[in-house]
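With JSON, C-alpha atoms inside, this is start20.json:
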[["chain", "number", "residue", "atom", "x", "y", "z"],
["A", 36, "MET", "CA", -17.30, 2.10, -41.60],
["A", 37, "LYS", "CA", -20.06, 1.24, -39.13],
["A", 38, "ALA", "CA", -19.22, -2.46, -39.41],
["A", 39, "VAL", "CA", -15.57, -1.76, -38.60],
["A", 40, "VAL", "CA", -16.57, 0.20, -35.47],
["A", 41, "TYR", "CA", -18.90, -2.63, -34.37],
["A", 42, "ILE", "CA", -16.21, -5.27, -34.91],
["A", 43, "LEU", "CA", -13.68, -3.20, -32.95],
["A", 44, "ALA", "CA", -16.19, -2.65, -30.12],
["A", 45, "ILE", "CA", -16.97, -6.39, -29.95],
["A", 46, "LEU", "CA", -13.26, -7.32, -29.94],
["A", 47, "PHE", "CA", -12.65, -4.75, -27.20],
["A", 48, "LEU", "CA", -15.51, -6.04, -25.05],
["A", 49, "VAL", "CA", -14.51, -9.68, -25.58],
["A", 50, "GLY", "CA", -11.08, -8.74, -24.24],
["A", 51, "CYS", "CA", -12.67, -7.49, -21.01],
["A", 52, "LYS", "CA", -13.34, -10.91, -19.52],
["A", 53, "MET", "CA", -13.57, -11.01, -15.74],
["A", 54, "PRO", "CA", -10.86, -13.16, -14.17],
["A", 55, "ASP", "CA", -12.16, -16.25, -12.31],
["A", 56, "ASP", "CA", -11.71, -14.71, -8.88],
["A", 57, "GLY", "CA", -13.03, -15.97, -5.59],
["A", 58, "PRO", "CA", -14.91, -13.80, -3.06],
["A", 59, "ASP", "CA", -11.73, -12.71, -1.25],
["A", 60, "SER", "CA", -9.61, -11.67, -4.23],
["A", 61, "ARG", "CA", -12.53, -9.84, -5.86],
["A", 62, "LEU", "CA", -12.47, -7.30, -3.01],
["A", 63, "ALA", "CA", -8.85, -7.70, -1.90],
["A", 64, "LEU", "CA", -7.87, -4.24, -3.18],
["A", 65, "ILE", "CA", -10.51, -2.38, -1.21],
["A", 66, "LYS", "CA", -11.18, -4.28, 2.01],
["A", 67, "THR", "CA", -9.25, -6.12, 4.71],
["A", 68, "THR", "CA", -8.84, -9.75, 3.67],
["A", 69, "ASN", "CA", -6.33, -11.30, 6.10],
["A", 70, "PRO", "CA", -5.73, -14.40, 3.94],
["A", 71, "GLU", "CA", -4.48, -17.60, 5.53],
["A", 72, "PRO", "CA", -0.69, -17.88, 5.05],
["A", 73, "ILE", "CA", 0.64, -20.36, 2.49],
["A", 74, "GLN", "CA", 3.37, -22.85, 3.42],
["A", 75, "ILE", "CA", 4.69, -24.48, 0.24],
["A", 76, "GLU", "CA", 8.00, -25.48, 1.88],
["A", 77, "LYS", "CA", 7.09, -27.35, 5.06],
["A", 78, "ASP", "CA", 10.47, -27.10, 6.87],
["A", 79, "GLY", "CA", 11.71, -24.09, 8.83],
["A", 80, "ALA", "CA", 9.78, -21.30, 10.52],
["A", 81, "SER", "CA", 5.99, -21.44, 10.69],
["A", 82, "VAL", "CA", 4.15, -19.02, 8.44],
["A", 83, "GLU", "CA", 1.58, -18.33, 11.18],
["A", 84, "GLY", "CA", 4.36, -16.96, 13.39],
["A", 85, "ILE", "CA", 5.66, -14.76, 10.58],
["A", 86, "ARG", "CA", 2.18, -13.42, 9.89],
["A", 87, "ASN", "CA", 1.66, -12.61, 13.58],
["A", 88, "GLU", "CA", 4.99, -10.75, 13.62],
["A", 89, "VAL", "CA", 3.91, -8.69, 10.59],
["A", 90, "ASN", "CA", 0.45, -7.95, 12.01],
["A", 91, "GLN", "CA", 2.03, -6.62, 15.19],
["A", 92, "VAL", "CA", 3.45, -3.64, 13.28],
["A", 93, "ASP", "CA", 1.11, -0.70, 13.97],
["A", 94, "GLU", "CA", 1.22, 0.73, 10.43],
["A", 95, "ILE", "CA", 0.19, -2.57, 8.81],
["A", 96, "TYR", "CA", -3.42, -3.79, 8.74],
["A", 97, "ASP", "CA", -3.54, -6.71, 6.32],
["A", 98, "ALA", "CA", -0.82, -9.27, 5.57],
["A", 99, "ALA", "CA", -0.33, -12.27, 3.28],
["A", 100, "VAL", "CA", 2.62, -14.63, 3.74],
["A", 101, "ILE", "CA", 3.84, -17.25, 1.26],
["A", 102, "LYS", "CA", 6.76, -19.49, 2.20],
["A", 103, "GLY", "CA", 8.42, -21.14, -0.80],
["A", 104, "ASP", "CA", 11.51, -23.29, -1.35],
["A", 105, "HIS", "CA", 14.00, -20.43, -1.25],
["A", 106, "ASN", "CA", 12.13, -17.26, -0.38],
["A", 107, "THR", "CA", 9.35, -16.14, 1.90],
["A", 108, "LEU", "CA", 7.12, -13.48, 0.39],
["A", 109, "VAL", "CA", 5.40, -11.05, 2.76],
["A", 110, "ALA", "CA", 2.80, -8.78, 1.15],
["A", 111, "TYR", "CA", 0.98, -6.26, 3.30],
["A", 112, "LYS", "CA", -1.17, -3.15, 3.24],
["A", 113, "VAL", "CA", -0.10, 0.02, 5.03],
["A", 114, "ARG", "CA", -2.57, 2.33, 6.82],
["A", 115, "HIS", "CA", -3.40, 5.29, 4.60],
["A", 116, "LEU", "CA", -1.64, 8.14, 6.37],
["A", 117, "ASP", "CA", 1.40, 5.94, 7.06],
["A", 118, "ARG", "CA", 1.85, 5.39, 3.33],
["A", 119, "PHE", "CA", 4.08, 8.50, 3.35],
["A", 120, "ARG", "CA", 6.75, 6.39, 5.05],
["A", 121, "MET", "CA", 6.24, 3.25, 2.99],
["A", 122, "LYS", "CA", 9.94, 2.80, 2.12],
["A", 123, "SER", "CA", 11.12, 3.01, 5.74],
["A", 124, "ILE", "CA", 8.34, 0.65, 6.93],
["A", 125, "GLU", "CA", 9.48, -1.87, 4.29],
["A", 126, "LYS", "CA", 13.11, -1.54, 5.36],
["A", 127, "GLU", "CA", 12.30, -1.86, 9.09],
["A", 128, "LEU", "CA", 10.02, -4.86, 8.55],
["A", 129, "LYS", "CA", 12.62, -6.70, 6.43],
["A", 130, "LYS", "CA", 15.32, -6.02, 9.03],
["A", 131, "HIS", "CA", 13.03, -7.14, 11.87],
["A", 132, "LEU", "CA", 12.00, -10.38, 10.14],
["A", 133, "GLU", "CA", 15.53, -11.26, 9.05],
["A", 134, "GLY", "CA", 16.72, -10.67, 12.61],
["A", 135, "LYS", "CA", 14.04, -12.92, 14.04],
["A", 136, "TYR", "CA", 14.17, -15.72, 11.43],
["A", 137, "LYS", "CA", 17.85, -15.94, 10.54],
["A", 138, "ASP", "CA", 17.55, -18.94, 8.16],
["A", 139, "GLU", "CA", 14.86, -17.40, 5.97],
["A", 140, "THR", "CA", 15.21, -15.06, 2.99],
["A", 141, "PHE", "CA", 12.41, -12.50, 2.98],
["A", 142, "VAL", "CA", 10.94, -10.56, 0.10],
["A", 143, "VAL", "CA", 8.62, -7.88, 1.50],
["A", 144, "SER", "CA", 6.25, -5.75, -0.53],
["A", 145, "SER", "CA", 3.54, -3.19, 0.18],
["A", 146, "ASP", "CA", 2.33, -3.32, -3.43],
["A", 147, "TYR", "CA", -1.41, -3.97, -3.86],
["A", 148, "LYS", "CA", -0.77, -6.13, -6.91],
["A", 149, "ILE", "CA", 1.51, -8.49, -5.01],
["A", 150, "PHE", "CA", -1.09, -8.71, -2.21],
["A", 151, "LEU", "CA", -3.87, -9.42, -4.70],
["A", 152, "GLU", "CA", -1.83, -12.14, -6.41],
["A", 153, "ALA", "CA", -1.04, -13.71, -3.01],
["A", 154, "VAL", "CA", -4.78, -13.89, -2.26],
["A", 155, "ARG", "CA", -5.44, -15.38, -5.73],
["A", 156, "LEU", "CA", -2.72, -17.98, -5.11],
["A", 157, "ARG", "CA", -4.30, -18.88, -1.75],
["A", 158, "GLU", "CA", -7.68, -19.38, -3.45],
["A", 159, "ASP", "CA", -6.20, -21.48, -6.26],
["A", 160, "ILE", "CA", -4.46, -23.75, -3.72],
["A", 161, "ASP", "CA", -7.65, -24.06, -1.64],
["A", 162, "SER", "CA", -9.75, -24.99, -4.67],
["A", 163, "GLY", "CA", -7.15, -27.58, -5.77],
["A", 164, "LYS", "CA", -6.47, -25.88, -9.10],
["A", 165, "ILE", "CA", -2.70, -25.99, -8.63],
["A", 166, "ASN", "CA", -0.20, -28.26, -6.84],
["A", 167, "ASP", "CA", 2.79, -27.30, -4.68],
["A", 168, "LYS", "CA", 5.21, -27.21, -7.62],
["A", 169, "GLN", "CA", 2.98, -24.88, -9.62],
["A", 170, "ALA", "CA", 2.43, -22.75, -6.51],
["A", 171, "ASP", "CA", 6.20, -22.39, -6.05],
["A", 172, "LYS", "CA", 6.51, -21.36, -9.72],
["A", 173, "ARG", "CA", 3.78, -18.74, -9.20],
["A", 174, "LEU", "CA", 5.67, -17.48, -6.13],
["A", 175, "HIS", "CA", 8.81, -17.00, -8.22],
["A", 176, "GLN", "CA", 6.80, -15.11, -10.84],
["A", 177, "LEU", "CA", 5.43, -12.87, -8.06],
["A", 178, "ILE", "CA", 8.92, -12.12, -6.75],
["A", 179, "ARG", "CA", 10.04, -11.27, -10.29],
["A", 180, "LEU", "CA", 7.01, -8.98, -10.69],
["A", 181, "LYS", "CA", 7.83, -7.28, -7.40],
["A", 182, "LYS", "CA", 11.33, -6.44, -8.65],
["A", 183, "GLU", "CA", 10.06, -4.92, -11.92],
["A", 184, "ARG", "CA", 10.59, -1.18, -12.12],
["A", 185, "THR", "CA", 9.12, -0.11, -15.47],
["B", 148, "MET", "CA", 2.35, 50.64, -7.21],
["B", 149, "ALA", "CA", 2.79, 53.97, -5.40],
["B", 150, "ASN", "CA", 5.46, 54.99, -7.92],
["B", 151, "ASN", "CA", 3.15, 54.13, -10.81],
["B", 152, "ASN", "CA", 0.37, 56.26, -9.33],
["B", 153, "GLU", "CA", 2.70, 59.22, -8.91],
["B", 154, "LYS", "CA", 3.59, 59.11, -12.60],
["B", 155, "LYS", "CA", -0.06, 59.06, -13.66],
["B", 156, "THR", "CA", -1.91, 62.21, -14.63],
["B", 157, "PRO", "CA", -4.97, 63.24, -12.55],
["B", 158, "ALA", "CA", -7.20, 62.13, -15.40],
["B", 159, "GLN", "CA", -5.58, 58.67, -15.41],
["B", 160, "GLN", "CA", -5.93, 58.38, -11.63],
["B", 161, "GLN", "CA", -9.59, 59.32, -11.88],
["B", 162, "TYR", "CA", -10.05, 56.70, -14.59],
["B", 163, "ASP", "CA", -8.38, 54.06, -12.36],
["B", 164, "LYS", "CA", -10.75, 54.89, -9.51],
["B", 165, "MET", "CA", -13.75, 54.59, -11.80],
["B", 166, "ASN", "CA", -12.37, 51.33, -13.16],
["B", 167, "GLN", "CA", -11.94, 49.89, -9.66],
["B", 168, "LYS", "CA", -15.50, 50.89, -8.79],
["B", 169, "HIS", "CA", -17.03, 49.10, -11.76],
["B", 170, "GLU", "CA", -14.68, 46.10, -11.95],
["B", 171, "ILE", "CA", -16.37, 42.78, -11.25],
["B", 172, "LYS", "CA", -14.57, 41.00, -8.44],
["B", 173, "ARG", "CA", -13.21, 37.56, -9.18],
["B", 174, "PRO", "CA", -14.95, 34.84, -7.11],
["B", 175, "VAL", "CA", -11.60, 33.43, -5.91],
["B", 176, "LEU", "CA", -13.03, 31.09, -3.27],
["B", 177, "LYS", "CA", -15.67, 29.72, -5.64],
["B", 178, "ASN", "CA", -13.03, 29.16, -8.34],
["B", 179, "CYS", "CA", -10.77, 27.39, -5.85],
["B", 180, "LEU", "CA", -13.57, 25.09, -4.71],
["B", 181, "ARG", "CA", -14.52, 24.24, -8.30],
["B", 182, "ALA", "CA", -10.87, 23.55, -9.18],
["B", 183, "PHE", "CA", -10.46, 21.42, -6.05],
["B", 184, "PHE", "CA", -13.49, 19.24, -6.72],
["B", 185, "VAL", "CA", -13.08, 18.83, -10.48],
["B", 186, "GLY", "CA", -9.32, 18.23, -10.10],
["B", 187, "GLY", "CA", -10.08, 15.69, -7.37],
["B", 188, "LEU", "CA", -12.65, 13.99, -9.60],
["B", 189, "ILE", "CA", -10.09, 13.66, -12.41],
["B", 190, "CYS", "CA", -7.65, 12.13, -9.88],
["B", 191, "ILE", "CA", -10.34, 9.64, -8.72],
["B", 192, "ILE", "CA", -10.83, 8.59, -12.34],
["B", 193, "GLY", "CA", -7.04, 8.18, -12.64],
["B", 194, "GLN", "CA", -6.96, 6.05, -9.47],
["B", 195, "ALA", "CA", -9.79, 3.89, -10.83],
["B", 196, "ILE", "CA", -7.84, 3.38, -14.07],
["B", 197, "THR", "CA", -4.73, 2.41, -12.01],
["B", 198, "TYR", "CA", -6.79, -0.19, -10.11],
["B", 199, "PHE", "CA", -8.19, -1.42, -13.43],
["B", 200, "TYR", "CA", -4.66, -2.05, -14.74],
["B", 201, "ILE", "CA", -3.57, -3.67, -11.46],
["B", 202, "TYR", "CA", -6.63, -5.93, -11.26],
["B", 203, "PHE", "CA", -6.99, -7.04, -14.89],
["B", 204, "PHE", "CA", -3.42, -6.83, -16.19],
["B", 205, "ASN", "CA", 0.04, -7.71, -14.95],
["B", 206, "PHE", "CA", 0.91, -4.23, -13.63],
["B", 207, "THR", "CA", 2.09, -3.45, -10.10],
["B", 208, "GLU", "CA", 1.33, -0.17, -8.31],
["B", 209, "GLN", "CA", 4.67, 1.12, -9.54],
["B", 210, "THR", "CA", 4.37, 0.05, -13.17],
["B", 211, "ALA", "CA", 0.66, 0.92, -13.53],
["B", 212, "GLY", "CA", 1.55, 4.64, -13.46],
["B", 213, "ASN", "CA", 2.69, 4.85, -17.09],
["B", 214, "PRO", "CA", -0.36, 3.27, -18.78],
["B", 215, "THR", "CA", -2.63, 5.27, -16.45],
["B", 216, "VAL", "CA", -1.05, 8.57, -17.52],
["B", 217, "ALA", "CA", -1.28, 7.53, -21.19],
["B", 218, "THR", "CA", -4.97, 6.60, -20.79],
["B", 219, "VAL", "CA", -5.92, 9.84, -19.00],
["B", 220, "ILE", "CA", -4.13, 11.90, -21.68],
["B", 221, "PHE", "CA", -5.84, 9.91, -24.44],
["B", 222, "LEU", "CA", -9.29, 10.39, -22.86],
["B", 223, "SER", "CA", -8.76, 14.14, -22.43],
["B", 224, "MET", "CA", -7.61, 14.34, -26.08],
["B", 225, "LEU", "CA", -10.82, 12.63, -27.19],
["B", 226, "LEU", "CA", -12.93, 14.90, -24.98],
["B", 227, "THR", "CA", -11.14, 17.97, -26.39],
["B", 228, "GLY", "CA", -11.87, 16.78, -29.92],
["B", 229, "PHE", "CA", -15.55, 16.31, -29.06],
["B", 230, "GLY", "CA", -15.66, 19.80, -27.50],
["B", 231, "VAL", "CA", -16.48, 18.56, -23.98],
["B", 232, "TYR", "CA", -13.19, 19.44, -22.28],
["B", 233, "ASP", "CA", -13.52, 23.13, -23.27],
["B", 234, "HIS", "CA", -16.68, 23.42, -21.15],
["B", 235, "LEU", "CA", -14.96, 21.61, -18.28],
["B", 236, "GLY", "CA", -11.99, 23.99, -18.53],
["B", 237, "GLN", "CA", -14.33, 26.99, -18.52],
["B", 238, "TYR", "CA", -16.03, 25.69, -15.38],
["B", 239, "ALA", "CA", -13.09, 24.29, -13.38],
["B", 240, "GLY", "CA", -10.11, 26.38, -14.53],
["B", 241, "ALA", "CA", -6.90, 25.06, -12.98],
["B", 242, "GLY", "CA", -8.75, 21.95, -11.76],
["B", 243, "SER", "CA", -8.84, 20.71, -15.35],
["B", 244, "ALA", "CA", -5.53, 22.24, -16.51],
["B", 245, "VAL", "CA", -3.15, 21.12, -13.74],
["B", 246, "PRO", "CA", -3.77, 17.31, -13.88],
["B", 247, "VAL", "CA", -2.09, 15.45, -16.73],
["B", 248, "SER", "CA", -5.36, 15.60, -18.68],
["B", 249, "GLY", "CA", -4.64, 19.32, -19.20],
["B", 250, "PHE", "CA", -1.59, 18.32, -21.20],
["B", 251, "GLY", "CA", -3.72, 16.34, -23.68],
["B", 252, "ASN", "CA", -6.08, 19.29, -23.92],
["B", 253, "ALA", "CA", -3.20, 21.69, -24.64],
["B", 254, "VAL", "CA", -1.87, 19.48, -27.46],
["B", 255, "ILE", "CA", -5.17, 18.86, -29.21],
["B", 256, "SER", "CA", -6.63, 22.35, -28.85],
["B", 257, "ALA", "CA", -3.50, 23.80, -30.50],
["B", 258, "ALA", "CA", -3.74, 21.19, -33.27],
["B", 259, "ILE", "CA", -7.42, 22.02, -33.90],
["B", 260, "GLU", "CA", -6.71, 25.74, -33.91],
["B", 261, "HIS", "CA", -4.01, 25.50, -36.57],
["B", 262, "ARG", "CA", -5.41, 22.75, -38.79],
["B", 263, "THR", "CA", -6.46, 25.29, -41.47],
["B", 264, "GLU", "CA", -2.76, 26.06, -42.01],
["B", 265, "GLY", "CA", -2.11, 22.52, -43.24],
["B", 266, "PHE", "CA", -0.99, 19.29, -41.66],
["B", 267, "VAL", "CA", 2.76, 19.90, -41.65],
["B", 268, "LEU", "CA", 3.22, 23.60, -40.94],
["B", 269, "GLY", "CA", -0.15, 24.00, -39.23],
["B", 270, "VAL", "CA", -0.89, 20.95, -37.08],
["B", 271, "GLY", "CA", 2.67, 19.56, -36.92],
["B", 272, "GLY", "CA", 4.37, 22.89, -36.33],
["B", 273, "ASN", "CA", 1.96, 24.24, -33.75],
["B", 274, "MET", "CA", 0.80, 21.13, -31.91],
["B", 275, "PHE", "CA", 3.28, 21.64, -29.07],
["B", 276, "LYS", "CA", 2.97, 25.42, -28.93],
["B", 277, "LEU", "CA", 1.42, 25.25, -25.46],
["B", 278, "ALA", "CA", 2.47, 21.78, -24.36],
["B", 279, "GLY", "CA", 6.09, 22.35, -25.41],
["B", 280, "SER", "CA", 6.73, 24.54, -22.38],
["B", 281, "VAL", "CA", 5.22, 21.83, -20.15],
["B", 282, "ILE", "CA", 7.66, 19.28, -21.59],
["B", 283, "LEU", "CA", 10.63, 21.67, -21.40],
["B", 284, "PHE", "CA", 10.12, 22.75, -17.81],
["B", 285, "GLY", "CA", 9.01, 19.26, -16.76],
["B", 286, "VAL", "CA", 12.19, 17.67, -18.13],
["B", 287, "PHE", "CA", 14.37, 20.47, -16.77],
["B", 288, "SER", "CA", 12.89, 20.34, -13.24],
["B", 289, "ALA", "CA", 13.15, 16.51, -13.27],
["B", 290, "PHE", "CA", 16.83, 16.91, -14.17],
["B", 291, "VAL", "CA", 17.40, 19.41, -11.33],
["B", 292, "VAL", "CA", 15.57, 17.22, -8.78],
["B", 293, "ALA", "CA", 17.52, 14.12, -9.92],
["B", 294, "LEU", "CA", 20.76, 16.10, -9.64],
["B", 295, "ILE", "CA", 19.93, 17.23, -6.08],
["B", 296, "LYS", "CA", 18.93, 13.68, -5.12],
["B", 297, "THR", "CA", 22.15, 12.24, -6.57],
["B", 298, "ILE", "CA", 24.26, 14.81, -4.73],
["B", 299, "LEU", "CA", 22.40, 14.14, -1.45],
["B", 300, "ILE", "CA", 22.81, 10.37, -1.82],
["B", 301, "GLN", "CA", 26.47, 10.53, -2.88],
["B", 302, "TRP", "CA", 27.65, 13.12, -0.36],
["B", 303, "GLY", "CA", 24.89, 13.34, 2.21],
["B", 304, "GLY", "CA", 24.74, 9.58, 2.77],
["B", 305, "LEU", "CA", 20.93, 9.44, 2.61]]
Re-express the file's structure as structure tokens.
Amino acid sequence: MKAVVYILAILFLVGCKMPDDGPDSRLALIKTTNPEPIQIEKDGASVEGIRNEVNQVDEIYDAAVIKGDHNTLVAYKVRHLDRFRMKSIEKELKKHLEGKYKDETFVVSSDYKIFLEAVRLREDIDSGKINDKQADKRLHQLIRLKKERT
Amino acid sequence: MANNNEKKTPAQQQYDKMNQKHEIKRPVLKNCLRAFFVGGLICIIGQAITYFYIYFFNFTEQTAGNPTVATVIFLSMLLTGFGVYDHLGQYAGAGSAVPVSGFGNAVISAAIEHRTEGFVLGVGGNMFKLAGSVILFGVFSAFVVALIKTILIQWGGL
């Protein structure tokens, strides 16, 4: 019986491996990160401009922008007391960005997970772990994750 | 209350007075503070578990809710079985009963209480004696809220 408990405990602890995160993504959930925007698709609007637009919104304090082949993902964090109106902030931001950049398709999200994954993607690109094609694939996975409901 | 007093005999009224004099007052404020802090602590643990699922697994803020609830219920069930949650309940009152962990406690404490009556009619039949009402009224109020929301969206144009 004791052996079974030990084996289960070891298997459980082996499963708890820390992901290979960089300094930014390790603390991305709890502190302001302001990651550099990612421009996978080089044509069209500049990601810097999009990020500045997002940062100008009073309720938002941290934003990550990824521009892919078809979609531009904007992940951001909302100030704590403004989180009560998260849905309307998301709607207003999407409307504002689509009005300003008419050729772009925006996917906006205030989800911490999407923000964290955007920071991880930035770090993987910086360290040369993935190329543009793989980065675009990761972006599509992120957009799919954002749309998940259950 | 006045009507009740009028119906009472003088001896009963005298007894009530004596009772009021000797009754120990409930420390309402102290109980509220304990409930607030212990309930808050349970919620902090829940938030930490949510972050754990977001950080280490492929859950978003929206989808991390379900495994978090399951984990908190499972932990409170274990603590009830070990006899720890009873002490917490005695100390914090509603602070330990109102969060979802109170649901796990209600299920397991009923199961422990009736295990001498056998597994089927004892544990199986009485497990949801307390928690059954939580499920019933939870499902019913969710239905009513969903109905109101649907009506507001369909007709109110929200």
Proximity of chain B to chain A: per-residue shortest pair, 6 Å limit, only C-alpha atoms, as a tab-separated table:
residue	atom	partner	partner_atom	distance
B:Ile201	CA	A:Lys148	CA	5.9
B:Thr207	CA	A:Lys148	CA	5.1
B:Glu208	CA	A:Asp146	CA	5.9
B:Thr210	CA	A:Thr185	CA	5.3
Between A:Asp161, A:Asp59, A:Asp167, A:Glu139, which one has atoms that come closest to A:Ser81, using all atoms listed in the file?
-> A:Glu139
Padding 5 Å on each side, edges along x, y and z: where is the centre of the box around the listed atoms of stretch 158-168 of chain B, and how long are its edges in Å to one decimal? Output it as AutoDock Vina command-line options.
--center_x -10.5 --center_y 56.0 --center_z -12.1 --size_x 19.9 --size_y 22.2 --size_z 16.6
Closest of B:Gly271, B:Pro246, B:Gly265, B:Gly303 to B:Val216 - atom-to-atom distances counting all atoms listed in the file = B:Pro246
Nearest candidate to B:Thr197 (options B:Thr297, B:Asn166, B:Thr215, B:Gln209; using all atoms listed in the file) | B:Thr215
Could you give me, as a Markdown table, a per-residue list for stretch 187-270 of chain B showing, wherever an atom lies at most 6 Å from an atom of stretch 274-291 of chain B, the closest pair of atoms and their distance in Å to one decimal, using only C-alpha atoms and sorting by chain then residue number from low to high?
| residue | atom | partner | partner_atom | distance |
| --- | --- | --- | --- | --- |
| B:Ala253 | CA | B:Ala278 | CA | 5.7 |
| B:Val254 | CA | B:Met274 | CA | 5.4 |
| B:Ala257 | CA | B:Met274 | CA | 5.3 |
| B:Ala258 | CA | B:Met274 | CA | 4.7 |
| B:Val270 | CA | B:Met274 | CA | 5.4 |
Restrict the selected residues to C-alpha atoms and save them as a PDB file, in the frame of the given file.
ATOM      1  CA  ALA B 253      -3.200  21.690 -24.640  1.00  0.00           C
ATOM      2  CA  VAL B 254      -1.870  19.480 -27.460  1.00  0.00           C
ATOM      3  CA  ALA B 257      -3.500  23.800 -30.500  1.00  0.00           C
ATOM      4  CA  ALA B 258      -3.740  21.190 -33.270  1.00  0.00           C
ATOM      5  CA  VAL B 270      -0.890  20.950 -37.080  1.00  0.00           C
TER       6      VAL B 270
END
So, counting only C-alpha atoms, which residue among B:Ser243, B:Tyr202, B:Val175, B:Glu170 is closest to A:Arg155?
-> B:Tyr202
